[in-house]
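Undergrad: What follows is input16.cif, made up of mmCIF, C-alpha atoms:
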data_upload
loop_
_atom_site.label_atom_id
_atom_site.label_comp_id
_atom_site.auth_asym_id
_atom_site.auth_seq_id
_atom_site.Cartn_x
_atom_site.Cartn_y
_atom_site.Cartn_z
CA MET E 13 117.25 -136.88 -165.98
CA ASP E 14 119.69 -136.37 -163.21
CA VAL E 15 119.78 -132.62 -162.73
CA GLU E 16 122.28 -132.72 -159.90
CA LYS E 17 124.73 -134.69 -161.99
CA GLU E 18 124.37 -132.25 -164.86
CA ILE E 19 124.98 -129.29 -162.58
CA LEU E 20 128.14 -130.94 -161.28
CA GLU E 21 129.36 -131.52 -164.81
CA LEU E 22 128.68 -127.90 -165.74
CA LYS E 23 130.47 -126.72 -162.61
CA LYS E 24 133.50 -128.75 -163.58
CA LYS E 25 133.46 -127.22 -167.07
CA VAL E 26 133.28 -123.70 -165.65
CA ASP E 27 136.15 -124.48 -163.27
CA ASP E 28 138.23 -125.73 -166.20
CA LEU E 29 137.48 -122.56 -168.17
CA GLN E 30 138.49 -120.38 -165.24
CA GLY E 31 141.76 -122.27 -165.02
CA GLN E 32 142.43 -121.54 -168.69
CA GLU E 33 142.04 -117.83 -168.15
CA ASN E 34 145.01 -117.84 -165.90
CA ARG E 35 147.55 -119.49 -168.19
CA LEU E 36 149.91 -118.04 -170.77
CA LEU E 37 151.81 -119.94 -173.42
CA MET E 38 154.52 -118.23 -175.39
CA ILE E 39 156.47 -119.61 -178.31
CA VAL E 40 159.94 -118.07 -178.25
CA PHE E 41 161.25 -118.61 -181.77
CA SER E 42 163.60 -115.70 -182.45
CA GLY E 43 167.19 -115.70 -181.31
CA GLU E 44 167.90 -111.98 -180.99
CA LEU E 45 168.54 -110.04 -177.81
CA ASP E 46 165.64 -107.58 -178.17
CA LYS E 47 163.12 -110.36 -178.75
CA HIS E 48 164.41 -112.34 -175.78
CA ILE E 49 164.06 -109.25 -173.59
CA ALA E 50 160.48 -108.74 -174.80
CA ALA E 51 159.66 -112.41 -174.19
CA MET E 52 161.08 -112.39 -170.67
CA ILE E 53 159.39 -109.09 -169.71
CA ILE E 54 156.02 -110.48 -170.80
CA ALA E 55 156.71 -113.80 -169.06
CA THR E 56 157.76 -112.31 -165.71
CA GLY E 57 154.98 -109.69 -165.90
CA ALA E 58 152.35 -112.36 -166.50
CA ALA E 59 153.71 -114.53 -163.68
CA ALA E 60 153.57 -111.50 -161.39
CA MET E 61 149.92 -111.08 -162.39
CA GLY E 62 149.33 -114.54 -161.00
CA MET E 63 149.31 -116.42 -164.30
CA LYS E 64 150.89 -119.81 -164.85
CA VAL E 65 153.43 -119.14 -167.60
CA THR E 66 154.98 -121.64 -170.01
CA LEU E 67 157.65 -120.68 -172.53
CA PHE E 68 158.26 -122.96 -175.49
CA PHE E 69 161.76 -122.28 -176.81
CA THR E 70 162.17 -123.38 -180.40
CA PHE E 71 164.50 -122.88 -183.37
CA TRP E 72 166.89 -119.89 -183.07
CA ALA E 73 165.76 -119.16 -179.50
CA THR E 74 167.20 -122.43 -178.14
CA ALA E 75 170.76 -121.07 -178.49
CA ALA E 76 170.00 -118.51 -175.76
CA LEU E 77 169.46 -121.36 -173.29
CA ARG E 78 173.01 -122.64 -173.71
CA ASP E 79 175.26 -122.28 -170.69
CA PRO E 80 178.53 -120.60 -171.78
CA LYS E 81 180.38 -122.48 -169.03
CA LYS E 82 179.31 -125.93 -170.18
CA ASN E 83 180.90 -127.93 -172.97
CA VAL E 84 179.90 -131.35 -174.22
CA LYS E 85 181.95 -133.81 -176.19
CA GLY E 86 181.01 -136.20 -178.96
CA LYS E 87 179.49 -133.76 -181.47
CA ASN E 88 179.86 -134.29 -185.20
CA PHE E 89 181.37 -131.71 -187.53
CA LEU E 90 178.10 -130.00 -188.50
CA SER E 91 176.90 -129.77 -184.90
CA LYS E 92 180.22 -128.25 -183.91
CA MET E 93 179.92 -125.71 -186.75
CA PHE E 94 176.41 -124.75 -185.63
CA GLY E 95 177.64 -124.51 -182.08
CA VAL E 96 180.33 -122.04 -183.10
CA MET E 97 178.10 -119.96 -185.38
CA LEU E 98 175.16 -119.59 -182.98
CA PRO E 99 175.30 -117.45 -179.82
CA LYS E 100 176.54 -119.37 -176.82
CA GLY E 101 174.03 -118.26 -174.25
CA ARG E 102 171.63 -115.31 -173.81
CA ASN E 103 174.39 -112.77 -173.27
CA LYS E 104 175.91 -113.46 -176.68
CA THR E 105 172.71 -112.62 -178.56
CA VAL E 106 172.59 -109.44 -180.65
CA LEU E 107 169.94 -106.93 -181.69
CA SER E 108 167.60 -107.76 -184.59
CA ASN E 109 167.93 -104.16 -185.76
CA MET E 110 170.77 -101.64 -185.65
CA ASN E 111 173.33 -104.21 -184.54
CA MET E 112 176.03 -102.47 -186.62
CA ALA E 113 178.64 -105.16 -186.10
CA GLY E 114 177.95 -105.28 -182.38
CA MET E 115 178.09 -101.54 -181.76
CA GLY E 116 174.30 -101.17 -181.53
CA THR E 117 174.04 -104.11 -179.14
CA ALA E 118 176.76 -102.69 -176.89
CA MET E 119 175.02 -99.32 -176.92
CA ILE E 120 171.65 -100.78 -175.96
CA LYS E 121 173.20 -102.83 -173.15
CA ASP E 122 174.93 -99.70 -171.87
CA LEU E 123 171.68 -97.70 -172.06
CA MET E 124 169.77 -100.44 -170.24
CA LYS E 125 172.30 -100.38 -167.45
CA LYS E 126 172.14 -96.58 -167.19
CA LYS E 127 168.33 -96.56 -167.15
CA ASN E 128 168.26 -99.50 -164.76
CA VAL E 129 166.27 -101.74 -167.13
CA ALA E 130 166.49 -105.37 -166.02
CA SER E 131 169.07 -107.41 -167.92
CA LEU E 132 168.34 -110.84 -169.39
CA ASP E 133 170.19 -112.37 -166.43
CA GLU E 134 167.94 -110.57 -163.95
CA LEU E 135 164.82 -111.45 -165.96
CA PHE E 136 165.73 -115.15 -166.06
CA GLU E 137 166.38 -115.03 -162.32
CA ALA E 138 162.96 -113.43 -161.71
CA ALA E 139 161.29 -115.95 -164.04
CA ALA E 140 162.83 -118.84 -162.12
CA ALA E 141 161.70 -117.35 -158.79
CA LEU E 142 158.16 -116.84 -160.11
CA GLY E 143 157.90 -120.43 -161.36
CA VAL E 144 157.89 -119.66 -165.09
CA GLU E 145 158.19 -122.96 -166.93
CA ILE E 146 160.59 -123.41 -169.85
CA ASN E 147 160.02 -126.14 -172.40
CA ILE E 148 162.68 -126.69 -175.05
CA CYS E 149 161.76 -128.04 -178.48
CA GLU E 150 163.54 -131.36 -178.78
CA MET E 151 163.64 -131.25 -182.58
CA SER E 152 165.29 -127.81 -182.66
CA MET E 153 167.93 -128.90 -180.18
CA ASP E 154 168.63 -132.00 -182.22
CA LEU E 155 168.78 -129.99 -185.45
CA MET E 156 171.27 -127.47 -184.08
CA GLY E 157 173.24 -130.19 -182.35
CA PHE E 158 172.61 -128.92 -178.82
CA LYS E 159 172.53 -131.35 -175.92
CA TYR E 160 170.48 -130.91 -172.76
CA GLU E 161 173.68 -131.18 -170.70
CA GLU E 162 174.96 -127.89 -172.16
CA MET E 163 171.79 -125.95 -171.28
CA ILE E 164 171.48 -123.53 -168.35
CA ASP E 165 170.57 -124.66 -164.84
CA TYR E 166 166.94 -123.65 -164.49
CA PRO E 167 164.52 -125.02 -161.90
CA ASN E 168 161.52 -125.60 -164.14
CA MET E 169 162.84 -126.78 -167.49
CA LYS E 170 162.25 -129.81 -169.68
CA VAL E 171 162.50 -131.02 -173.27
CA CYS E 172 159.34 -131.71 -175.25
CA GLY E 173 157.71 -131.60 -178.66
CA VAL E 174 154.93 -129.83 -180.53
CA ALA E 175 152.17 -131.89 -178.91
CA THR E 176 153.08 -130.69 -175.41
CA MET E 177 153.19 -127.09 -176.64
CA LEU E 178 149.79 -127.43 -178.36
CA ALA E 179 148.23 -129.01 -175.29
CA ASP E 180 149.58 -126.12 -173.19
CA ALA E 181 148.36 -123.57 -175.76
CA LYS E 182 144.87 -125.10 -175.75
CA GLU E 183 144.69 -124.69 -172.00
CA SER E 184 145.92 -121.09 -172.07
CA ALA E 185 143.76 -118.02 -172.53
CA VAL E 186 146.74 -116.04 -173.82
CA GLN E 187 149.19 -117.18 -176.47
CA PHE E 188 152.14 -115.29 -177.88
CA PHE E 189 154.69 -115.91 -180.62
CA ILE E 190 157.95 -114.01 -180.53
CA MET P 9 139.72 -89.98 -144.88
CA GLU P 10 141.32 -92.44 -142.51
CA SER P 11 145.08 -92.41 -142.48
CA ILE P 12 146.86 -95.39 -143.96
CA THR P 13 149.51 -97.17 -141.96
CA ALA P 14 151.82 -99.31 -144.00
CA VAL P 15 153.47 -102.30 -142.31
CA LYS P 16 156.48 -102.03 -144.60
CA VAL P 17 158.00 -99.60 -147.09
CA LEU P 18 159.39 -101.13 -150.27
CA ASP P 19 162.01 -99.12 -152.12
CA TYR P 20 161.65 -99.74 -155.87
CA LYS P 21 163.17 -96.40 -156.90
CA GLY P 22 165.08 -96.58 -160.18
CA LEU P 23 163.58 -99.90 -161.22
CA SER P 24 161.75 -100.08 -164.51
CA CYS P 25 159.11 -102.33 -166.05
CA PRO P 26 158.46 -105.17 -165.23
CA MET P 27 160.46 -105.22 -161.98
CA PRO P 28 158.13 -103.19 -159.70
CA ILE P 29 155.27 -105.58 -160.51
CA VAL P 30 157.52 -108.64 -160.28
CA LYS P 31 158.80 -107.55 -156.87
CA ILE P 32 155.42 -106.60 -155.37
CA SER P 33 154.01 -109.98 -156.44
CA MET P 34 156.80 -111.65 -154.47
CA GLU P 35 156.30 -109.41 -151.41
CA ILE P 36 152.52 -109.37 -151.06
CA GLY P 37 152.38 -112.94 -149.80
CA LYS P 38 154.74 -112.12 -146.92
CA VAL P 39 152.31 -109.82 -145.09
CA ALA P 40 148.97 -110.64 -143.49
CA VAL P 41 145.65 -110.23 -145.30
CA GLY P 42 144.46 -106.66 -144.73
CA ASP P 43 147.97 -105.27 -144.28
CA VAL P 44 149.12 -102.34 -146.40
CA LEU P 45 152.48 -102.10 -148.16
CA GLU P 46 153.93 -98.76 -149.23
CA VAL P 47 155.83 -98.86 -152.51
CA HIS P 48 158.24 -96.10 -153.51
CA THR P 49 158.86 -95.99 -157.24
CA THR P 50 160.14 -93.60 -159.88
CA ASP P 51 158.65 -95.56 -162.78
CA PRO P 52 155.73 -93.57 -164.28
CA GLY P 53 154.38 -96.80 -165.83
CA SER P 54 153.64 -98.06 -162.32
CA ILE P 55 150.76 -95.57 -162.01
CA ALA P 56 148.84 -97.59 -164.58
CA ASP P 57 150.44 -100.96 -163.92
CA PHE P 58 149.80 -101.30 -160.18
CA PRO P 59 146.01 -100.88 -160.55
CA ALA P 60 146.06 -103.36 -163.47
CA TRP P 61 148.07 -105.81 -161.39
CA ALA P 62 145.74 -105.36 -158.40
CA LYS P 63 142.65 -105.86 -160.55
CA THR P 64 144.00 -109.14 -161.92
CA THR P 65 145.42 -110.51 -158.69
CA GLY P 66 142.53 -109.37 -156.48
CA HIS P 67 144.42 -106.98 -154.23
CA GLU P 68 143.64 -103.31 -153.59
CA ILE P 69 145.43 -100.10 -154.44
CA VAL P 70 144.45 -97.89 -151.52
CA GLU P 71 146.09 -94.74 -152.79
CA ILE P 72 148.66 -93.43 -155.25
CA LYS P 73 150.48 -90.28 -154.17
CA GLN P 74 152.53 -88.40 -156.72
CA GLU P 75 155.26 -86.21 -155.34
CA PRO P 76 158.06 -84.48 -157.26
CA GLY P 77 160.46 -87.26 -158.25
CA LEU P 78 158.63 -89.94 -156.28
CA ILE P 79 155.48 -92.02 -156.64
CA ARG P 80 154.07 -93.63 -153.48
CA ILE P 81 151.65 -96.51 -153.94
CA PHE P 82 149.73 -98.08 -151.06
CA VAL P 83 148.81 -101.70 -151.67
CA ARG P 84 146.49 -103.72 -149.43
CA ARG P 85 146.67 -107.51 -149.44
CA LYS P 86 143.09 -108.70 -149.90
CA LYS P 87 143.44 -112.47 -149.97
#
Give the structure from the file, written as structure tokens.
TA:
Amino acid sequence: MDVEKEILELKKKVDDLQGQENRLLMIVFSGELDKHIAAMIIATGAAAMGMKVTLFFTFWATAALRDPKKNVKGKNFLSKMFGVMLPKGRNKTVLSNMNMAGMGTAMIKDLMKKKNVASLDELFEAAAALGVEINICEMSMDLMGFKYEEMIDYPNMKVCGVATMLADAKESAVQFFI
Amino acid sequence: MESITAVKVLDYKGLSCPMPIVKISMEIGKVAVGDVLEVHTTDPGSIADFPAWAKTTGHEIVEIKQEPGLIRIFVRRKK
């Protein structure tokens, strides 16, 4: 029996476990303004706490990553329809509750400004500065007819699938679904 | 008690959650280990959040002073 070798192996396992404690994986599924704000507050807060944060944007949430200034050609009819019906970018998202044909959303945005609560733009900016990673679900993008070229410019962003998300989740001590 | 001398005062007045924590996490690395930063905030949540942040990141909250309309938090970089 090689005790030294065993100790080294155990040390490595402990190191791996300590690494896991400091990671957060969040699945951002919903497409509404309030849920995006919640997701980004948790993400930036966790990054500020020194955690490595990965956001997996899937389904309705992917629309919030579209850049309103970018347009891509070559979409089929259904993709174009989806593109028109879904919010073009994070600032076109609406409240999940009390939207009241846009009145509720406008009111909340006004209140946030008055109370100096960070806007989605500011939260995305902070997330980028703190190294928060954004992974976009390839299948969702394909389904909704979004192309990577029409997504926002973000320093730490890539397209991936469920396996990448699960691998990240397995290595994270904290997992959220919003 | 020894008096605390901060190397820098950070004005976070008016900011709300999570910005005070986000901003201090970006500032703490800019001073030397052992230095103290003085944060001015009006966010009551910071009274609980700064100690929680310090506990997780390994820094130290030296003191929290509550004055009318202002909260002063002294943060020491520990590593």
Undergrad: Taking only C-alpha atoms into account, what are the residues of chain P at most 12 Å from chain E, put as a PyMOL selection string?
TA: chain P and resi 20-37+50-51+57-67
Undergrad: Go through P:Lys73, P:Lys87, P:Glu46, P:Lys38 and flag the residue nearest Thr13 (chain P), using only C-alpha atoms for the distances.
TA: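 Answer, going by the shortest atom-to-atom distance: P:Glu46.
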Undergrad: Do you have the CA of Val186 (chain E)-CA of Ile19 (chain E) distance handy?
TA: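 That distance, rounded to one decimal, is 27.8 Å.
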Undergrad: Give me the residues within 8 Å of Val15 (chain P) as a PyMOL selection string, counting all atoms listed in the file and dropping any in the same chain fewer than 5 places off.
TA: chain P and resi 43-46
Undergrad: I'd like to see the residues matched by the PyMOL selection byres ((chain E and resi 65) around 8) on this file, and ideally I'd get them as an MDAnalysis selection string.
TA: chainID E and resid 35:38 55 58:59 63:64 66:67 143:145
Undergrad: Would you compute the distance between CA of Lys86 (chain P) and CA of Asp27 (chain E)? Give it in Å to one decimal.
TA: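 Atom-to-atom, CA of Lys86 (chain P) to CA of Asp27 (chain E), that is 21.8 Å.
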Undergrad: What is the CA of Gly101 (chain E) to CA of Asp79 (chain E) distance in Å?
TA: 5.5 Å
Undergrad: List the residues selected by the PyMOL selection byres ((chain P and resi 18) around 6) in the file shown, writing them as a list of chain:residue names.
TA: P:Val17, P:Asp19, P:Val47
Undergrad: Could you write region 36-53 of chain P as a short mmCIF file (atom, residue, chain, number, x, y, z; two decimals), in the frame of the given file, with N, CA and C atoms rebuilt where they are missing?
TA:
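out.cif was written with the following content:
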data_model
loop_
_atom_site.label_atom_id
_atom_site.label_comp_id
_atom_site.auth_asym_id
_atom_site.auth_seq_id
_atom_site.Cartn_x
_atom_site.Cartn_y
_atom_site.Cartn_z
N ILE P 36 153.88 -109.48 -151.60
CA ILE P 36 152.52 -109.37 -151.06
C ILE P 36 152.15 -110.58 -150.20
N GLY P 37 152.70 -111.73 -150.55
CA GLY P 37 152.38 -112.94 -149.80
C GLY P 37 153.04 -112.99 -148.42
N LYS P 38 153.98 -112.08 -148.18
CA LYS P 38 154.74 -112.12 -146.92
C LYS P 38 154.04 -111.36 -145.79
N VAL P 39 153.03 -110.55 -146.13
CA VAL P 39 152.31 -109.82 -145.09
C VAL P 39 150.92 -110.46 -144.88
N ALA P 40 150.27 -110.07 -143.80
CA ALA P 40 148.97 -110.64 -143.49
C ALA P 40 147.88 -110.01 -144.37
N VAL P 41 146.80 -110.75 -144.56
CA VAL P 41 145.65 -110.23 -145.30
C VAL P 41 145.13 -108.99 -144.57
N GLY P 42 144.93 -107.92 -145.33
CA GLY P 42 144.46 -106.66 -144.73
C GLY P 42 145.59 -105.67 -144.51
N ASP P 43 146.82 -106.16 -144.46
CA ASP P 43 147.97 -105.27 -144.28
C ASP P 43 148.22 -104.41 -145.52
N VAL P 44 148.82 -103.25 -145.29
CA VAL P 44 149.12 -102.34 -146.40
C VAL P 44 150.64 -102.22 -146.58
N LEU P 45 151.07 -102.31 -147.82
CA LEU P 45 152.48 -102.10 -148.16
C LEU P 45 152.61 -100.76 -148.86
N GLU P 46 153.69 -100.05 -148.56
CA GLU P 46 153.93 -98.76 -149.23
C GLU P 46 155.09 -98.93 -150.20
N VAL P 47 154.81 -98.71 -151.48
CA VAL P 47 155.83 -98.86 -152.51
C VAL P 47 156.33 -97.49 -152.95
N HIS P 48 157.64 -97.32 -152.97
CA HIS P 48 158.24 -96.10 -153.51
C HIS P 48 158.82 -96.42 -154.88
N THR P 49 158.36 -95.72 -155.89
CA THR P 49 158.86 -95.99 -157.24
C THR P 49 159.08 -94.68 -158.00
N THR P 50 159.94 -94.76 -159.01
CA THR P 50 160.14 -93.60 -159.88
C THR P 50 159.69 -93.92 -161.30
N ASP P 51 159.07 -95.10 -161.46
CA ASP P 51 158.65 -95.56 -162.78
C ASP P 51 157.22 -95.07 -163.07
N PRO P 52 157.06 -94.12 -164.02
CA PRO P 52 155.73 -93.57 -164.28
C PRO P 52 154.73 -94.64 -164.76
N GLY P 53 155.25 -95.71 -165.37
CA GLY P 53 154.38 -96.80 -165.83
C GLY P 53 153.66 -97.49 -164.69
#
